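Q: Okay, handing you the structure first.
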Amino acid sequence: MRFDPLRMPARLEGPMPGTPLFDTAWDALLAACPLILAQPNASAGNAGATSFDVRWRMSKEYCAWLYYVPDERYALSKLVESSDPTRNGFEQGCRAPAFVEDSRYPPDSLKYLYFLHNHPATPTNLSERDIAALAKMARIHGGYIETKAGRLPIGVIAFYSNSSAASPTSCDGFYEYTYGGAEVVRWTPDEEGHWQRTRAGTVTWTSGTEFRFVPTR
């Protein structure tokens, strides 16, 4: 979906066509990663590669919500494609409505767990802009939701691919940060397909809206 940033609707439609309800948030994340990265120009590849500047100018950022439904399962909203003409360096932006409308459930029954998006360029990390956007979402939705898995903090996810193909078919990893946490986490699959967790940075909050982010070198 594409929206006029000056006329952003209040709600984004869900679910994402062709996706089921997921039993766990992890299952939903692993399904969303290759799906988002398979969109046209979702990846520009490594910033040091030949012709990167051309791929970067063509690249796009996509975003969606991962939300919790009354059936005690997880769903994905439709995708939003957004291009930010003010992007600087290797940062883009993807704006989406703060709420989801899923005709299967009352609007007020949905709970918002992760804001998902891709980062077209590698190497990458979460940005201060990503964390600030999460803080805004936490003010709207609250910092935590109650699920069958317990009390979970709202979070932001950035998927990436190392491929220079306009529509890569693999998910090479993603960054995760949950509101109020002290660490940004990077998830990458090993050769056997098992996902490994490493620290990608630290976040220190000085107030409900102010923080300091130090990426791991």
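Chains: A, B, ... in order of the structure tokens. Residues: from 1 per chain. Ligands: from 1, in order shown.
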Which residues come within 12 Å of His194 of chain A, counting only C-alpha atoms, excluding same-chain residues fewer than 4 positions away, as number ranges by chain?
A: A: 30, 172-173, 187-190
Q: Can you pull out every residue from chain A that DSSP, working from the backbone, puts in strand (DSSP E or B), and format the result as number ranges by chain?
A: A: 11-14, 22, 45-46, 61-69, 73-76, 80-82, 99-102, 111-118, 121-122, 144-147, 150-153, 155-160, 173-178, 183-189, 195-205, 211-215
Q: Go through segment 4-86 of chain A and flag each residue having an atom no more than 9 Å from segment 119-131 of chain A; for those, report the closest pair of atoms plus their distance in Å to one decimal, using only C-alpha atoms, ordered by chain and rising number, as a tab-separated table.
A:
```
residue	atom	partner	partner_atom	distance
A:Leu37	CA	A:Pro120	CA	8.6
A:Asn41	CA	A:Pro120	CA	7.9
A:Ala42	CA	A:Pro120	CA	5.5
A:Ser43	CA	A:Pro120	CA	4.1
A:Ala44	CA	A:Pro120	CA	5.1
A:Gly45	CA	A:Ala121	CA	5.4
A:Asn46	CA	A:Thr122	CA	4.7
A:Ala47	CA	A:Thr122	CA	6.0
A:Gly48	CA	A:Thr122	CA	8.8
A:Phe52	CA	A:Ala121	CA	8.9
A:Trp56	CA	A:Ala121	CA	7.3
A:Ser59	CA	A:Pro120	CA	6.4
A:Lys60	CA	A:Pro120	CA	7.0
A:Glu61	CA	A:His119	CA	6.6
A:Tyr62	CA	A:His119	CA	8.7
```
Q: Write out the residues from the selection above, keeping N, CA and C atoms, as an mmCIF file, in the first residue's frame.
A:
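Writing done, so here's selection_3.cif:
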```cif
data_model
loop_
_atom_site.group_PDB
_atom_site.id
_atom_site.type_symbol
_atom_site.label_atom_id
_atom_site.label_comp_id
_atom_site.auth_asym_id
_atom_site.auth_seq_id
_atom_site.Cartn_x
_atom_site.Cartn_y
_atom_site.Cartn_z
ATOM 1 N N LEU A 37 11.677 -8.785 2.219
ATOM 2 C CA LEU A 37 12.876 -8.609 1.415
ATOM 3 C C LEU A 37 12.678 -9.024 -0.039
ATOM 4 N N ASN A 41 13.215 -3.972 -5.129
ATOM 5 C CA ASN A 41 14.219 -3.001 -4.669
ATOM 6 C C ASN A 41 14.288 -2.887 -3.148
ATOM 7 N N ALA A 42 13.993 -3.989 -2.450
ATOM 8 C CA ALA A 42 14.081 -3.978 -0.992
ATOM 9 C C ALA A 42 15.521 -4.038 -0.503
ATOM 10 N N SER A 43 16.443 -4.406 -1.383
ATOM 11 C CA SER A 43 17.846 -4.500 -0.993
ATOM 12 C C SER A 43 18.728 -3.800 -2.019
ATOM 13 N N ALA A 44 19.691 -3.043 -1.497
ATOM 14 C CA ALA A 44 20.692 -2.406 -2.361
ATOM 15 C C ALA A 44 22.044 -3.078 -2.215
ATOM 16 N N GLY A 45 22.147 -4.036 -1.301
ATOM 17 C CA GLY A 45 23.396 -4.756 -1.103
ATOM 18 C C GLY A 45 24.421 -3.982 -0.303
ATOM 19 N N ASN A 46 25.653 -4.443 -0.389
ATOM 20 C CA ASN A 46 26.734 -3.845 0.395
ATOM 21 C C ASN A 46 27.127 -2.479 -0.156
ATOM 22 N N ALA A 47 27.338 -1.545 0.762
ATOM 23 C CA ALA A 47 27.639 -0.179 0.363
ATOM 24 C C ALA A 47 28.967 -0.050 -0.382
ATOM 25 N N GLY A 48 29.830 -1.045 -0.242
ATOM 26 C CA GLY A 48 31.114 -0.986 -0.920
ATOM 27 C C GLY A 48 31.132 -1.664 -2.269
ATOM 28 N N PHE A 52 26.671 0.414 -6.310
ATOM 29 C CA PHE A 52 25.780 0.526 -5.150
ATOM 30 C C PHE A 52 24.941 1.799 -5.212
ATOM 31 N N TRP A 56 21.044 2.018 -4.585
ATOM 32 C CA TRP A 56 20.548 2.759 -3.430
ATOM 33 C C TRP A 56 19.471 3.759 -3.830
ATOM 34 N N SER A 59 16.324 1.918 -4.326
ATOM 35 C CA SER A 59 15.857 1.075 -3.221
ATOM 36 C C SER A 59 14.643 1.673 -2.521
ATOM 37 N N LYS A 60 13.895 0.784 -1.890
ATOM 38 C CA LYS A 60 12.682 1.197 -1.177
ATOM 39 C C LYS A 60 12.622 0.508 0.178
ATOM 40 N N GLU A 61 11.952 1.170 1.072
ATOM 41 C CA GLU A 61 11.741 0.602 2.398
ATOM 42 C C GLU A 61 10.268 0.233 2.533
ATOM 43 N N TYR A 62 10.038 -0.947 3.102
ATOM 44 C CA TYR A 62 8.684 -1.459 3.319
ATOM 45 C C TYR A 62 8.465 -1.659 4.820
#
```
Q: Smallest atom-to-atom distance to Pro20 of chain A: which of A:Tyr74, A:Tyr175, A:Phe3, A:Tyr114, using only C-alpha atoms?
A: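 Among the listed residues, A:Tyr74 lies closest to Pro20 of chain A.
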Q: Report as a Markdown table: every residue of segment 50-106 of chain A with an atom at most 8 Å from segment 5-11 of chain A, its closest pair of atoms, and their distance in Å to one decimal, counting only C-alpha atoms, with rows sorted by chain and ascending residue number.
A:
```
| residue | atom | partner | partner_atom | distance |
| --- | --- | --- | --- | --- |
| A:Arg95 | CA | A:Pro5 | CA | 7.5 |
| A:Ala96 | CA | A:Met8 | CA | 7.5 |
| A:Pro97 | CA | A:Arg11 | CA | 5.2 |
| A:Ala98 | CA | A:Arg11 | CA | 6.5 |
| A:Phe99 | CA | A:Arg11 | CA | 4.6 |
| A:Val100 | CA | A:Arg11 | CA | 4.9 |
| A:Glu101 | CA | A:Arg11 | CA | 5.8 |
```
Q: In Å, with one decimal, what is the gap from atom CA of Trp65 of chain A to atom CA of Ser164 of chain A?
A: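 Taking atom CA of Trp65 of chain A and atom CA of Ser164 of chain A, their separation equals 25.8 Å.
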Q: Quick one: of A:Ser82, A:Glu176, A:Thr147, A:Ser163, who's nearest to Leu116 of chain A, counting only C-alpha atoms?
A: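 Residue with the minimum atom-to-atom distance to Leu116 of chain A: A:Glu176.
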Q: When you look at Trp26 of chain A with a cut-off of 12 Å (counting only C-alpha atoms), what residues show up, excluding the ones that are within fewer than 3 positions of it in the same chain? I need them as a VMD selection string.
A: chain A and resid 22 to 23 29 to 33 66 73 to 75 113 to 114 149 157 176 187 195
Q: From a DSSP pass on the backbone, collect the residues of segment 12-217 of chain A flagged as helix (DSSP H, G or I) and hand them back as a PyMOL selection string.
A: chain A and resi 25-37+52-58+107-109+128-141
Q: So what do you get for atom CA of Asp108 of chain A versus atom CA of Tyr67 of chain A, distance-wise?
A: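 Computing it gives 12.0 Å between the two atoms.
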Q: Which residue, A:Pro40, A:Gly93, A:Pro106, A:Pro34, has the smallest gap to Met58 of chain A when you use only C-alpha atoms?
A: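 Among the listed residues, A:Pro40 lies closest to Met58 of chain A.
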Q: Pick from A:Val54, A:Ala28, A:Ala132, A:Met16: nearest to Gly208 of chain A, with only C-alpha atoms counted?
A: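 Between A:Val54, A:Ala28, A:Ala132, A:Met16, the residue approaching Gly208 of chain A most closely is A:Ala132.
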